[in-house]
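Visitor: The structure under discussion is supplied below as structure tokens; questions concerning it will follow.
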Amino acid sequence: MKSESKTENDTNDSTEKIVIESEKKNLNVITTTWTRHCPTCNKDIVYSCKSTYKVGIKRNSKCYTCSADVAVSKKGWSKSRSRNCPQCNVTLTYSSVTHCTKASKKNQVCRKCKYELHKQKILENMRNKHTWANYNPTACMYFDTLNQNNNWKLQHALNGGEVRILNYFVDSYDKQNNIVVEYDESSHYDKLGNLKQKDVLRQQRIITHLGCKFFRYNERTKELYEVRST
């Protein structure tokens, strides 16, 4: 019985030694690295493969940071983490050089300018829809006549598009002389021939906002008159 127990212990010891030696070999393989210095910044470049280490020596390659800076400079983009907005010239900062480079490549603007451009696009679409859906060709001809007779520069649906003032699209507006002319069809008046309250409120708000001269043309009576602010 004693001899059998000794043989079992000997076999166990031998297996443990084999396992330890194999673990040591694996650790040596994993922890073996090759290092060299970057020719530009003199930082250590660590390689886990001997073949890539030899290629790096042969090509005298640079570290990742220096290589990225060279690529950025070749393309003419900024190496820093900041750039100016192409619209308002405000300084924009980024978390990395890569993000700054991508923004420069796409010529991105700041959030404020992006919002303003988006707002202008929406207003332009609204103006186009409003112009083509609701305009009176006869009124446009009348505005052209006023321009010729009075040397005005009224802008209307067929001459640059209707101008948006506050939340309203006026029929015609001369920005240089600050003159608004509204062309009133019969739908703008009630049964007694008085101008509807919504049009009165609209004209007062525009006059207060612009401080302009405000004219109305009554299509039924063929009368052009100036509205005085109250």
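Residues in the structure tokens are numbered from 1 in each chain, the chains being A, B, ... in the order shown, and ligands are numbered from 1 in the order shown.
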Any idea what's packed within 6 Å of range 97-114 of chain A, counting only C-alpha atoms, ignoring anything in its chain fewer than 2 positions away? Could you give it as a PDB file with all heavy atoms, in the first residue's frame?
Guide:
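Result went into out39.pdb, see below:
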ATOM      1  N   SER A  80      -4.702  71.372 -35.210  1.00  0.00           N
ATOM      2  CA  SER A  80      -5.171  71.712 -33.878  1.00  0.00           C
ATOM      3  C   SER A  80      -6.571  71.158 -33.636  1.00  0.00           C
ATOM      4  O   SER A  80      -7.194  70.576 -34.517  1.00  0.00           O
ATOM      5  CB  SER A  80      -5.183  73.233 -33.697  1.00  0.00           C
ATOM      6  OG  SER A  80      -6.089  73.821 -34.594  1.00  0.00           O
ATOM      7  N   ARG A  81      -7.047  71.395 -32.424  1.00  0.00           N
ATOM      8  CA  ARG A  81      -8.389  70.947 -32.046  1.00  0.00           C
ATOM      9  C   ARG A  81      -9.409  72.077 -32.137  1.00  0.00           C
ATOM     10  O   ARG A  81     -10.508  71.946 -31.627  1.00  0.00           O
ATOM     11  CB  ARG A  81      -8.365  70.385 -30.631  1.00  0.00           C
ATOM     12  CG  ARG A  81      -7.539  69.115 -30.485  1.00  0.00           C
ATOM     13  CD  ARG A  81      -7.636  68.567 -29.084  1.00  0.00           C
ATOM     14  NE  ARG A  81      -6.850  67.361 -28.919  1.00  0.00           N
ATOM     15  CZ  ARG A  81      -6.778  66.655 -27.790  1.00  0.00           C
ATOM     16  NH1 ARG A  81      -7.439  67.072 -26.731  1.00  0.00           N
ATOM     17  NH2 ARG A  81      -6.043  65.576 -27.721  1.00  0.00           N
ATOM     18  N   CYS A  85     -15.708  79.081 -37.393  1.00  0.00           N
ATOM     19  CA  CYS A  85     -16.913  78.847 -38.183  1.00  0.00           C
ATOM     20  C   CYS A  85     -16.828  79.657 -39.474  1.00  0.00           C
ATOM     21  O   CYS A  85     -16.524  80.858 -39.433  1.00  0.00           O
ATOM     22  CB  CYS A  85     -18.150  79.256 -37.376  1.00  0.00           C
ATOM     23  SG  CYS A  85     -19.690  79.195 -38.314  1.00  0.00           S
ATOM     24  N   TYR A  94     -12.814  71.149 -30.441  1.00  0.00           N
ATOM     25  CA  TYR A  94     -13.190  69.743 -30.594  1.00  0.00           C
ATOM     26  C   TYR A  94     -12.396  68.892 -29.616  1.00  0.00           C
ATOM     27  O   TYR A  94     -11.331  69.293 -29.137  1.00  0.00           O
ATOM     28  CB  TYR A  94     -12.942  69.281 -32.027  1.00  0.00           C
ATOM     29  CG  TYR A  94     -13.750  70.042 -33.062  1.00  0.00           C
ATOM     30  CD1 TYR A  94     -13.278  71.235 -33.603  1.00  0.00           C
ATOM     31  CD2 TYR A  94     -14.985  69.580 -33.489  1.00  0.00           C
ATOM     32  CE1 TYR A  94     -14.018  71.941 -34.541  1.00  0.00           C
ATOM     33  CE2 TYR A  94     -15.729  70.276 -34.421  1.00  0.00           C
ATOM     34  CZ  TYR A  94     -15.235  71.456 -34.937  1.00  0.00           C
ATOM     35  OH  TYR A  94     -15.969  72.150 -35.860  1.00  0.00           O
ATOM     36  N   GLU A 116     -29.795  78.970 -38.124  1.00  0.00           N
ATOM     37  CA  GLU A 116     -30.231  80.089 -38.951  1.00  0.00           C
ATOM     38  C   GLU A 116     -30.403  79.664 -40.412  1.00  0.00           C
ATOM     39  O   GLU A 116     -31.370  80.064 -41.072  1.00  0.00           O
ATOM     40  CB  GLU A 116     -29.226  81.240 -38.853  1.00  0.00           C
ATOM     41  CG  GLU A 116     -29.194  81.933 -37.498  1.00  0.00           C
ATOM     42  CD  GLU A 116     -30.510  82.614 -37.160  1.00  0.00           C
ATOM     43  OE1 GLU A 116     -31.218  83.040 -38.098  1.00  0.00           O
ATOM     44  OE2 GLU A 116     -30.834  82.708 -35.964  1.00  0.00           O
ATOM     45  N   LEU A 117     -29.472  78.852 -40.920  1.00  0.00           N
ATOM     46  CA  LEU A 117     -29.582  78.370 -42.298  1.00  0.00           C
ATOM     47  C   LEU A 117     -30.815  77.488 -42.473  1.00  0.00           C
ATOM     48  O   LEU A 117     -31.528  77.568 -43.475  1.00  0.00           O
ATOM     49  CB  LEU A 117     -28.323  77.592 -42.677  1.00  0.00           C
ATOM     50  CG  LEU A 117     -27.035  78.416 -42.820  1.00  0.00           C
ATOM     51  CD1 LEU A 117     -25.840  77.487 -43.015  1.00  0.00           C
ATOM     52  CD2 LEU A 117     -27.137  79.384 -43.987  1.00  0.00           C
TER      53      LEU A 117
END
Visitor: Mind the document's chain letters and residue numbers, and return as an MDAnalysis selection string the residues of range 19-213 of chain A that DSSP labels alpha helix (DSSP H).
Guide: chainID A and resid 19:31 50:59 64:75 97:106 111:133 137:150 197:210
Visitor: If you run DSSP on this backbone, which residues of range 36-221 of chain A come out as strand (DSSP E), and could you give them as an mmCIF file with N, CA and C atoms, in the first residue's frame?
Guide:
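The result, written out as out06.cif:
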data_model
loop_
_atom_site.group_PDB
_atom_site.id
_atom_site.type_symbol
_atom_site.label_atom_id
_atom_site.label_comp_id
_atom_site.auth_asym_id
_atom_site.auth_seq_id
_atom_site.Cartn_x
_atom_site.Cartn_y
_atom_site.Cartn_z
ATOM 1 N N ARG A 36 11.320 50.140 -30.255
ATOM 2 C CA ARG A 36 12.244 51.041 -30.945
ATOM 3 C C ARG A 36 11.737 52.464 -30.754
ATOM 4 N N HIS A 37 12.565 53.447 -31.095
ATOM 5 C CA HIS A 37 12.211 54.849 -30.885
ATOM 6 C C HIS A 37 11.680 55.457 -32.176
ATOM 7 N N ASP A 44 8.745 55.636 -27.446
ATOM 8 C CA ASP A 44 8.894 54.196 -27.655
ATOM 9 C C ASP A 44 7.744 53.650 -28.478
ATOM 10 N N ILE A 45 8.092 52.870 -29.508
ATOM 11 C CA ILE A 45 7.092 52.170 -30.310
ATOM 12 C C ILE A 45 7.209 50.695 -29.973
ATOM 13 N N VAL A 46 6.130 50.131 -29.434
ATOM 14 C CA VAL A 46 6.135 48.748 -28.957
ATOM 15 C C VAL A 46 5.527 47.847 -30.009
ATOM 16 N N TYR A 47 6.195 46.744 -30.317
ATOM 17 C CA TYR A 47 5.713 45.754 -31.281
ATOM 18 C C TYR A 47 5.516 44.428 -30.559
ATOM 19 N N SER A 82 -9.060 73.177 -32.751
ATOM 20 C CA SER A 82 -9.972 74.306 -32.874
ATOM 21 C C SER A 82 -9.943 74.859 -34.294
ATOM 22 N N ARG A 83 -11.060 75.433 -34.701
ATOM 23 C CA ARG A 83 -11.180 76.054 -36.015
ATOM 24 C C ARG A 83 -12.265 77.122 -35.918
ATOM 25 N N ASN A 84 -12.352 77.979 -36.937
ATOM 26 C CA ASN A 84 -13.343 79.052 -36.954
ATOM 27 C C ASN A 84 -14.529 78.667 -37.823
ATOM 28 N N THR A 91 -14.832 80.790 -32.813
ATOM 29 C CA THR A 91 -13.893 79.704 -32.593
ATOM 30 C C THR A 91 -14.635 78.471 -32.075
ATOM 31 N N LEU A 92 -14.420 77.330 -32.726
ATOM 32 C CA LEU A 92 -15.038 76.064 -32.339
ATOM 33 C C LEU A 92 -13.941 75.114 -31.861
ATOM 34 N N THR A 93 -14.141 74.474 -30.730
ATOM 35 C CA THR A 93 -13.172 73.531 -30.187
ATOM 36 C C THR A 93 -13.719 72.115 -30.259
ATOM 37 N N ARG A 164 -41.781 88.555 -46.045
ATOM 38 C CA ARG A 164 -42.363 88.171 -44.764
ATOM 39 C C ARG A 164 -42.013 89.221 -43.716
ATOM 40 N N ILE A 165 -43.020 89.807 -43.100
ATOM 41 C CA ILE A 165 -42.848 90.787 -42.031
ATOM 42 C C ILE A 165 -43.620 90.287 -40.817
ATOM 43 N N TYR A 168 -46.510 87.748 -41.211
ATOM 44 C CA TYR A 168 -47.368 88.039 -42.355
ATOM 45 C C TYR A 168 -46.539 88.154 -43.637
ATOM 46 N N PHE A 169 -47.148 87.756 -44.743
ATOM 47 C CA PHE A 169 -46.598 87.997 -46.070
ATOM 48 C C PHE A 169 -47.370 89.166 -46.685
ATOM 49 N N SER A 172 -46.957 93.628 -51.245
ATOM 50 C CA SER A 172 -45.797 94.280 -51.872
ATOM 51 C C SER A 172 -45.096 95.141 -50.832
ATOM 52 N N TYR A 173 -43.771 95.222 -50.982
ATOM 53 C CA TYR A 173 -42.984 95.993 -50.023
ATOM 54 C C TYR A 173 -41.771 96.594 -50.713
ATOM 55 N N ASP A 174 -41.587 97.897 -50.516
ATOM 56 C CA ASP A 174 -40.408 98.608 -50.999
ATOM 57 C C ASP A 174 -39.488 98.823 -49.800
ATOM 58 N N ILE A 179 -42.030 101.237 -47.810
ATOM 59 C CA ILE A 179 -43.435 101.413 -48.200
ATOM 60 C C ILE A 179 -44.077 100.033 -48.362
ATOM 61 N N VAL A 180 -45.261 99.878 -47.789
ATOM 62 C CA VAL A 180 -46.063 98.653 -47.931
ATOM 63 C C VAL A 180 -47.351 99.008 -48.652
ATOM 64 N N VAL A 181 -47.694 98.193 -49.659
ATOM 65 C CA VAL A 181 -48.955 98.381 -50.386
ATOM 66 C C VAL A 181 -49.708 97.058 -50.372
ATOM 67 N N GLU A 182 -50.947 97.093 -49.887
ATOM 68 C CA GLU A 182 -51.811 95.918 -49.856
ATOM 69 C C GLU A 182 -52.915 96.080 -50.897
ATOM 70 N N TYR A 183 -53.168 94.997 -51.607
ATOM 71 C CA TYR A 183 -54.200 94.977 -52.647
ATOM 72 C C TYR A 183 -55.401 94.223 -52.083
ATOM 73 N N ASP A 184 -56.527 94.935 -51.899
ATOM 74 C CA ASP A 184 -57.686 94.362 -51.216
ATOM 75 C C ASP A 184 -58.780 93.993 -52.210
ATOM 76 N N LYS A 213 -44.648 103.674 -44.366
ATOM 77 C CA LYS A 213 -45.856 104.184 -45.005
ATOM 78 C C LYS A 213 -46.660 102.995 -45.494
ATOM 79 N N PHE A 214 -47.946 102.998 -45.167
ATOM 80 C CA PHE A 214 -48.795 101.841 -45.462
ATOM 81 C C PHE A 214 -49.955 102.296 -46.350
ATOM 82 N N PHE A 215 -50.036 101.704 -47.551
ATOM 83 C CA PHE A 215 -51.103 102.025 -48.496
ATOM 84 C C PHE A 215 -51.971 100.791 -48.727
ATOM 85 N N ARG A 216 -53.272 101.076 -48.966
ATOM 86 C CA ARG A 216 -54.217 100.011 -49.322
ATOM 87 C C ARG A 216 -54.917 100.421 -50.623
ATOM 88 N N TYR A 217 -55.123 99.420 -51.467
ATOM 89 C CA TYR A 217 -55.851 99.658 -52.730
ATOM 90 C C TYR A 217 -57.125 98.848 -52.705
ATOM 91 N N ASN A 218 -58.267 99.543 -52.857
ATOM 92 C CA ASN A 218 -59.572 98.899 -52.884
ATOM 93 C C ASN A 218 -59.914 98.546 -54.327
#
Visitor: Which is closest to His209 in chain A among A:Asn159, A:Lys222, A:Asn178, A:Asn60, if we use only C-alpha atoms?
Guide: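 Using only C-alpha atoms, His209 in chain A sits closest to A:Asn178.
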Visitor: For each of A:Glu185, A:Ser96, A:Gln155, A:Asn150, take the minimum atom-to-atom distance to Glu223 in chain A, counting only C-alpha atoms, then give the residue where this is smallest.
Guide: A:Glu185
Visitor: What's the 9 Å shell around Pro137 in chain A, counting only C-alpha atoms, without same-chain residues fewer than 3 positions away, as a ChimeraX atom specification?
Guide: /A:140-142,157-158
